[in-house]
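Report on the following structure.
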Amino acid sequence: MMDKHYLTPLFTPSSIVVLAGNADAPDTHTPQAKVLREALAAQRFTGTLTYLDIHTSGTLADLAQTRADLAIIAQPPQDLPAALEVAGRINCRSALVLSNGVDAQLAEQLRKIARREGIHLLGPNSLGMQRPSLQLNASAAGPLAREGSLALVCQSGALTSSILDWASNNAVGFSSVISLGPHTDVGLSEALDFLANDARTQSIVVYMEGIQNARRFMSALRSAAYAKPVVVLKAGRKPAGNEAAQTHSAAIVGSDDVFDAALRRAGAVRVRSFVELFSAAKCLASRYRPVGKRLAIITNGGGPGVLAADWENEIGLDLGRFSPETCAALAPKLPPLASLADLIDLSEEAGPEHYRLALEAAFRDKQIDGLLAIFSPKAGADAEAVATVLADAKRLASKPLLSCWMGDASVVPARRILRAAQIPTFRTPEAAVGAFGNIASFYQNQQLLQQTPPPLTTLSKPDIEGARLVIESVLAERRNVLTEMESKTLLAAFHIPVTKTLLARSSHEAMMIATQLGFPVALKIDSPDIAHKSDVGGVALNVHNGSAARDAYTDMVQRVARVQPGARINGVTVQKMARGRRGRETCIGLVSDEPFGPVITFGAGGTMIELINDRAMELPPLNQFLARRLIDRSRVAETLGEWRGATAVDLEGLEQVLLRVSEMVCALPQLREMDINPLIVDEQGAVAVDARIVIHETAQGGSRGEVAGYGHYGHLSILPYPARYEAVWPLRGGGEYLVRPIRPDDAQMVQRLVKELSPESRYFRFVSQLAELPPSMLARFTLIDYDREMALVAVHRERVVDEEGEVSHKERIVGVSRYVTNPDQTSCEFALLVADDFAGKGLGSRLMLSIMDVARDRGLAEIQGLVLANNPTMLKLMRRLGFEVRTFEDDPEFRLVVHQL
């Protein structure tokens, strides 16, 4: 089953009980209680509404007769625990506490009561919520918003009210408005999780100030953004002020950059200001789906059109141009001064009919992804008539249509027409282009979201044990910074090419090693106490003979001892100067962020690293697509092709190093900071010339994830693809099939499985007559977060013979089992589906046993599910697997099946 969300009683209640003081003593009501009572009285809630007074609520027997999905509580702070206890007595599944100023201690007390009573708690310190489709205004945020397809989640009460005020003036409607204050139990992650599955919500706008749990936030955000556009405005953009940074990368990267990288990887769009948030909301409220980044500009004035085109160029959009065929067909119908070369400039003589022809042509032209219509008031031009043409065209629009009616008083009536038609309208060309830019970046970020990198690349296996031994020996000496020798040993363990480096402990040894390696060589001081060797004169480059090497050693040791007297000096490392005169100096780094964990950075390297400040970043794990995108986002990327007479570098070799670094980060939770600088890249590949790694002790027994069955991946905010659950099984009657975790690219095969089921099988699984899965459901089933759910698919390779007799093999998904962890974090709910032509071949049992093994591995204690009482085959399978079959109180048509893990 698993199709009704666990927060449905909170956000879609059919019955509500209100605990907001005594109706007969309004003078004792809290400010929130007064506003709440007025809000609930202002319109008719579609379900049942009961008012209770906690001080005169009758006997326990009376209370037992009352039942409700949701309790709305607006009481003085001292009465909140008692009110929540009453909600528990009357079997409320959820509660909303409207209050402000509740401290952490009381909030924790309320959380404990809610958990004990099995209540999902929104609040305290919440301004409440609105669900316009239910005519429910359970908030102190002002009048009920109009109904629409946009959801708002806001971590600031004051901003919730101002956004609703703006929305009412701009004809923007909402499916949900959810206000989250500090200390609330149902937080941002849970709200996103519900909205991802809410059919009334087409897009989501989030204002946030902070997150508690990065893994849960990323999990919920990725799930929501896969199903619908999500736009985020985050407060607090200043750098984290990393005073203790011991590497270049950590000194450069601020926490805000990391937040950017996390949002991009989650497939969401970040806006920088309230103006942009409103612009994005306007577009999303019009249900515009992102398609690409070619925006065409239709205008009756060259100046505003050129401003719009300039801004497109500035923010990385492409100017949408008509194809030659469209130009040829349209030009004769336009005024003589019209131009279609770049902008679609209809000239000052343009009337409503010319706009209509241009719009229709643009909707048909495949080279255009979206349109911006600009109107400048001219003598004799009818602003309202042109707006009406846009309103009519919008009904047929297959692409995003935005408008900019310039001017002031004279165009106000025209703007009203555009708003009524739900066409986003802006006062300036730049604002309109920026709004389209946000939709376009959503489209690009979706590609990042769909990547599910494996934990390790398919390259030769790294020596993880050897790397761990190096780390343990350094920690045993109570050190956190690895020397260059130790750092390079770690890189070499993961097959990252390093320059051969040997440690000399005397000037004589330095001379002998240099002669054996071959000149020219580089000498560097080796000390665990020196962060940046060049700052203390600890580097000598291009040393050309033995005596020069000997002298360089002596001078360097004396100089460093003078500049940094207390530093321990192990000796001096000697290495051959890196090959490739035209190699590019790059830097691969690692920083650790609170709360997102490790982040991989890439940019220009060498001594000017801080000055150039070139830092692209990505959350691990990486795959080849993500590694290539990371390189492309850096400024140094422009120098990696043929550049100033130098041949293009080996990009694949550079990608491999990034994949290897991703392996290191995934496998070694102790890594805290890292600089591979410089990493020299040329046409023959990449080689690490210097490296510096900072480590730290992890929690007892490795990372927190190991305890919960995550292997070594508890330190990551995105879990890698769990390849360890892949297994091949024999098929009853001959042949074999592969059981593996689901991937986003399985969507079409899953859709085929559902389409080919008999109507009865479909009804048994989905309890509805749907012929195929809607896109949002398909997304939810295939892009899963391995952290909180798992889906295993059975894949069968079918022999296909084409018309010419050529034989090939095609994969087909013939079964799916899945579980989703319940909010209690100790149990899970399962579902099972097997193709009709594979029934009776042992697939159902194997998929169930395999999914139970995963749940057990994750530390869950119980697996349960709902089975229709008239589905004897499934009930028989459940009994055979040892499940207990119980009656289901909420609905006699179902049986609850339960198995202890």
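Residue numbering restarts at 1 in every chain; chains get A, B, ... in the order shown in the structure tokens, and ligands count up from 1 in that same order.
Neighbours of Gly316 of chain A closer than or equal to 10 Å, with only C-alpha atoms counted and sequence neighbours fewer than 6 positions away skipped, come out as Lys293, Gly437, Ala440 and Ser441 of chain A.
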Output of the above residues as a PDB file, in the first residue's frame, restricted to all heavy atoms:
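Now in result17.pdb:
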ATOM      1  N   LYS A 293      16.881  26.735 -21.842  1.00  0.00           N
ATOM      2  CA  LYS A 293      17.293  28.090 -21.471  1.00  0.00           C
ATOM      3  C   LYS A 293      17.316  29.074 -22.638  1.00  0.00           C
ATOM      4  O   LYS A 293      18.010  30.070 -22.600  1.00  0.00           O
ATOM      5  CB  LYS A 293      18.640  28.049 -20.746  1.00  0.00           C
ATOM      6  CG  LYS A 293      19.788  27.387 -21.485  1.00  0.00           C
ATOM      7  CD  LYS A 293      21.042  27.466 -20.626  1.00  0.00           C
ATOM      8  CE  LYS A 293      22.270  27.103 -21.427  1.00  0.00           C
ATOM      9  NZ  LYS A 293      23.495  27.308 -20.677  1.00  0.00           N
ATOM     10  N   GLY A 437      15.278  32.738 -15.750  1.00  0.00           N
ATOM     11  CA  GLY A 437      16.571  32.110 -15.426  1.00  0.00           C
ATOM     12  C   GLY A 437      16.438  31.107 -14.295  1.00  0.00           C
ATOM     13  O   GLY A 437      17.062  30.043 -14.317  1.00  0.00           O
ATOM     14  N   ALA A 440      14.939  28.019 -15.643  1.00  0.00           N
ATOM     15  CA  ALA A 440      15.910  27.302 -16.484  1.00  0.00           C
ATOM     16  C   ALA A 440      16.946  26.580 -15.633  1.00  0.00           C
ATOM     17  O   ALA A 440      17.360  25.458 -15.954  1.00  0.00           O
ATOM     18  CB  ALA A 440      16.590  28.277 -17.438  1.00  0.00           C
ATOM     19  N   SER A 441      17.392  27.198 -14.522  1.00  0.00           N
ATOM     20  CA  SER A 441      18.414  26.524 -13.704  1.00  0.00           C
ATOM     21  C   SER A 441      17.819  25.296 -13.011  1.00  0.00           C
ATOM     22  O   SER A 441      18.514  24.328 -12.743  1.00  0.00           O
ATOM     23  CB  SER A 441      19.049  27.477 -12.695  1.00  0.00           C
ATOM     24  OG  SER A 441      18.105  27.943 -11.784  1.00  0.00           O
TER      25      SER A 441
END
**OP:** List the neighbours of Leu659 of chain A out to 8 Å using only C-alpha atoms; skip same-chain residues closer than 5 positions along the sequence, and give me the result as a PyMOL selection string.
**Re:** chain A and resi 457+622-624+627
Original post:
Looking only at the backbone, which of the residues in segment 657-732 of chain A does DSSP tag as strand (DSSP E), as a list in words?
Top reply: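 Selection result, strand (DSSP E) within segment 657-732 of chain A: Leu671, Arg672, Glu673, Met674, Asp675, Ile676, Asn677, Pro678, Leu679, Ile680, Val681, Asp682, Gly685, Ala686, Val687, Ala688, Ala691, Arg692, Ile693, Val694, Ile695, Ala727, Val728, Trp729 and Pro730 of chain A.
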Subject >> Shell around Leu901 of chain A at 9 Å using only C-alpha atoms, local window under 6 positions removed, as an MDAnalysis selection string >> reply: chainID A and resid 852:853 855:856 859:863
Subject >> Backbone-only DSSP, helix (DSSP H, G or I) members of segment 369-510 of chain A, as a ChimeraX atom specification >> reply: /A:383-396,409-420,429-449,464-476,484-493,507-510
May I have the residues within 12 Å of Phe259 of chain A as a PDB file with C-alpha atoms, in the first residue's frame, using only C-alpha atoms and disregarding those fewer than 4 positions away in the same chain?
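This went into out-v2.pdb:
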ATOM      1  CA  MET A 208      14.750  28.819   5.487  1.00  0.00           C
ATOM      2  CA  GLU A 209      17.173  29.945   8.154  1.00  0.00           C
ATOM      3  CA  GLY A 210      18.842  26.664   9.167  1.00  0.00           C
ATOM      4  CA  ILE A 211      18.647  22.882   9.162  1.00  0.00           C
ATOM      5  CA  ALA A 214      21.630  17.455   6.639  1.00  0.00           C
ATOM      6  CA  PHE A 217      17.014  17.559   4.655  1.00  0.00           C
ATOM      7  CA  MET A 218      18.838  16.408   1.479  1.00  0.00           C
ATOM      8  CA  VAL A 232      14.713  28.148  -1.845  1.00  0.00           C
ATOM      9  CA  LEU A 233      15.640  31.470  -0.246  1.00  0.00           C
ATOM     10  CA  LYS A 234      18.053  31.054   2.648  1.00  0.00           C
ATOM     11  CA  ALA A 235      18.927  33.697   5.214  1.00  0.00           C
ATOM     12  CA  GLY A 236      22.455  34.132   6.549  1.00  0.00           C
ATOM     13  CA  ARG A 237      24.754  34.080   3.515  1.00  0.00           C
ATOM     14  CA  LYS A 238      27.946  35.279   5.187  1.00  0.00           C
ATOM     15  CA  PRO A 239      30.953  32.905   5.248  1.00  0.00           C
ATOM     16  CA  ALA A 240      31.351  30.552   8.170  1.00  0.00           C
ATOM     17  CA  VAL A 253      35.222  27.945   0.930  1.00  0.00           C
ATOM     18  CA  GLY A 254      32.430  29.512   3.000  1.00  0.00           C
ATOM     19  CA  SER A 255      29.432  27.573   4.273  1.00  0.00           C
ATOM     20  CA  LEU A 263      20.841  22.751  -3.375  1.00  0.00           C
ATOM     21  CA  ARG A 264      22.152  22.317  -6.913  1.00  0.00           C
ATOM     22  CA  ARG A 265      22.771  18.601  -6.311  1.00  0.00           C
ATOM     23  CA  ALA A 266      19.291  18.235  -4.800  1.00  0.00           C
ATOM     24  CA  ALA A 268      16.370  22.709  -6.386  1.00  0.00           C
ATOM     25  CA  VAL A 269      16.833  26.374  -7.347  1.00  0.00           C
ATOM     26  CA  ARG A 270      18.285  28.984  -5.034  1.00  0.00           C
ATOM     27  CA  ASP A 593      31.017  21.522   6.319  1.00  0.00           C
ATOM     28  CA  GLU A 594      28.649  21.728   9.246  1.00  0.00           C
ATOM     29  CA  PRO A 595      26.014  20.348   8.551  1.00  0.00           C
ATOM     30  CA  PHE A 596      26.616  18.841   5.057  1.00  0.00           C
ATOM     31  CA  GLY A 597      29.832  16.916   5.797  1.00  0.00           C
ATOM     32  CA  VAL A 599      32.624  18.594   0.026  1.00  0.00           C
ATOM     33  CA  MET A 617      32.442  22.291  -5.528  1.00  0.00           C
ATOM     34  CA  GLU A 618      30.295  19.173  -5.375  1.00  0.00           C
ATOM     35  CA  LEU A 619      29.035  16.862  -2.661  1.00  0.00           C
ATOM     36  CA  SER A 717      24.804  13.726   3.348  1.00  0.00           C
TER      37      SER A 717
END
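When only C-alpha atoms are used to compute distances to Ser223 of chain A, the closest of the residues A:Glu789, A:Asp103, A:Asp824, A:Asp79 turns out to be A:Glu789.
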**OP:** Excluding Met848 of chain A and any residue of its chain fewer than 6 positions from it, enumerate the residues within 10 Å of it, using only C-alpha atoms, and give them as a VMD selection string.
**Re:** chain A and resid 792 816 to 819 830 to 832 877 to 878 881
Subject >> Contacts of Val536 of chain A within 8 Å, only C-alpha atoms, excl. fewer than 2 positions in-chain, as an MDAnalysis selection string >> reply: chainID A and resid 532:534 538 559:560 563:564
Surrounding residues of Ala391 of chain A excluding itself and chain neighbours under 4 positions, 7 Å, only C-alpha atoms, as a tab-separated table (two decimals) with C-alpha atoms, in the first residue's frame:
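What ended up in around.tsv:
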chain	number	residue	atom	x	y	z
A	387	ALA	CA	-2.56	42.34	-22.91
A	418	LEU	CA	-2.33	39.76	-17.44
A	421	ALA	CA	-4.87	35.30	-17.00
Original post:
If you measure from atom CA of Leu716 of chain A to atom CA of Glu697 of chain A, what distance in Å do you get, rounded to one decimal?
Top reply: 15.8 Å
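Taking atom CA of Gln446 of chain A as the reference point, atom CA of Gly815 of chain A is found at 27.0 Å.
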**OP:** Would you mind reading off the distance between atom CA of Phe322 of chain A and atom CA of Thr428 of chain A, one decimal, in Å?
**Re:** 23.6 Å
Original post:
Looking at A:Ile163, A:Val689, A:Ala646, A:Ala39, which one is nearest to Thr573 of chain A, with distances taken over only C-alpha atoms?
Top reply: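 With only C-alpha atoms as the atom set, the closest residue is A:Val689.
When only C-alpha atoms are used to measure the gap to Asn213 of chain A, the shortest distance among A:Glu108, A:Glu829, A:His715, A:Arg427 belongs to A:His715.
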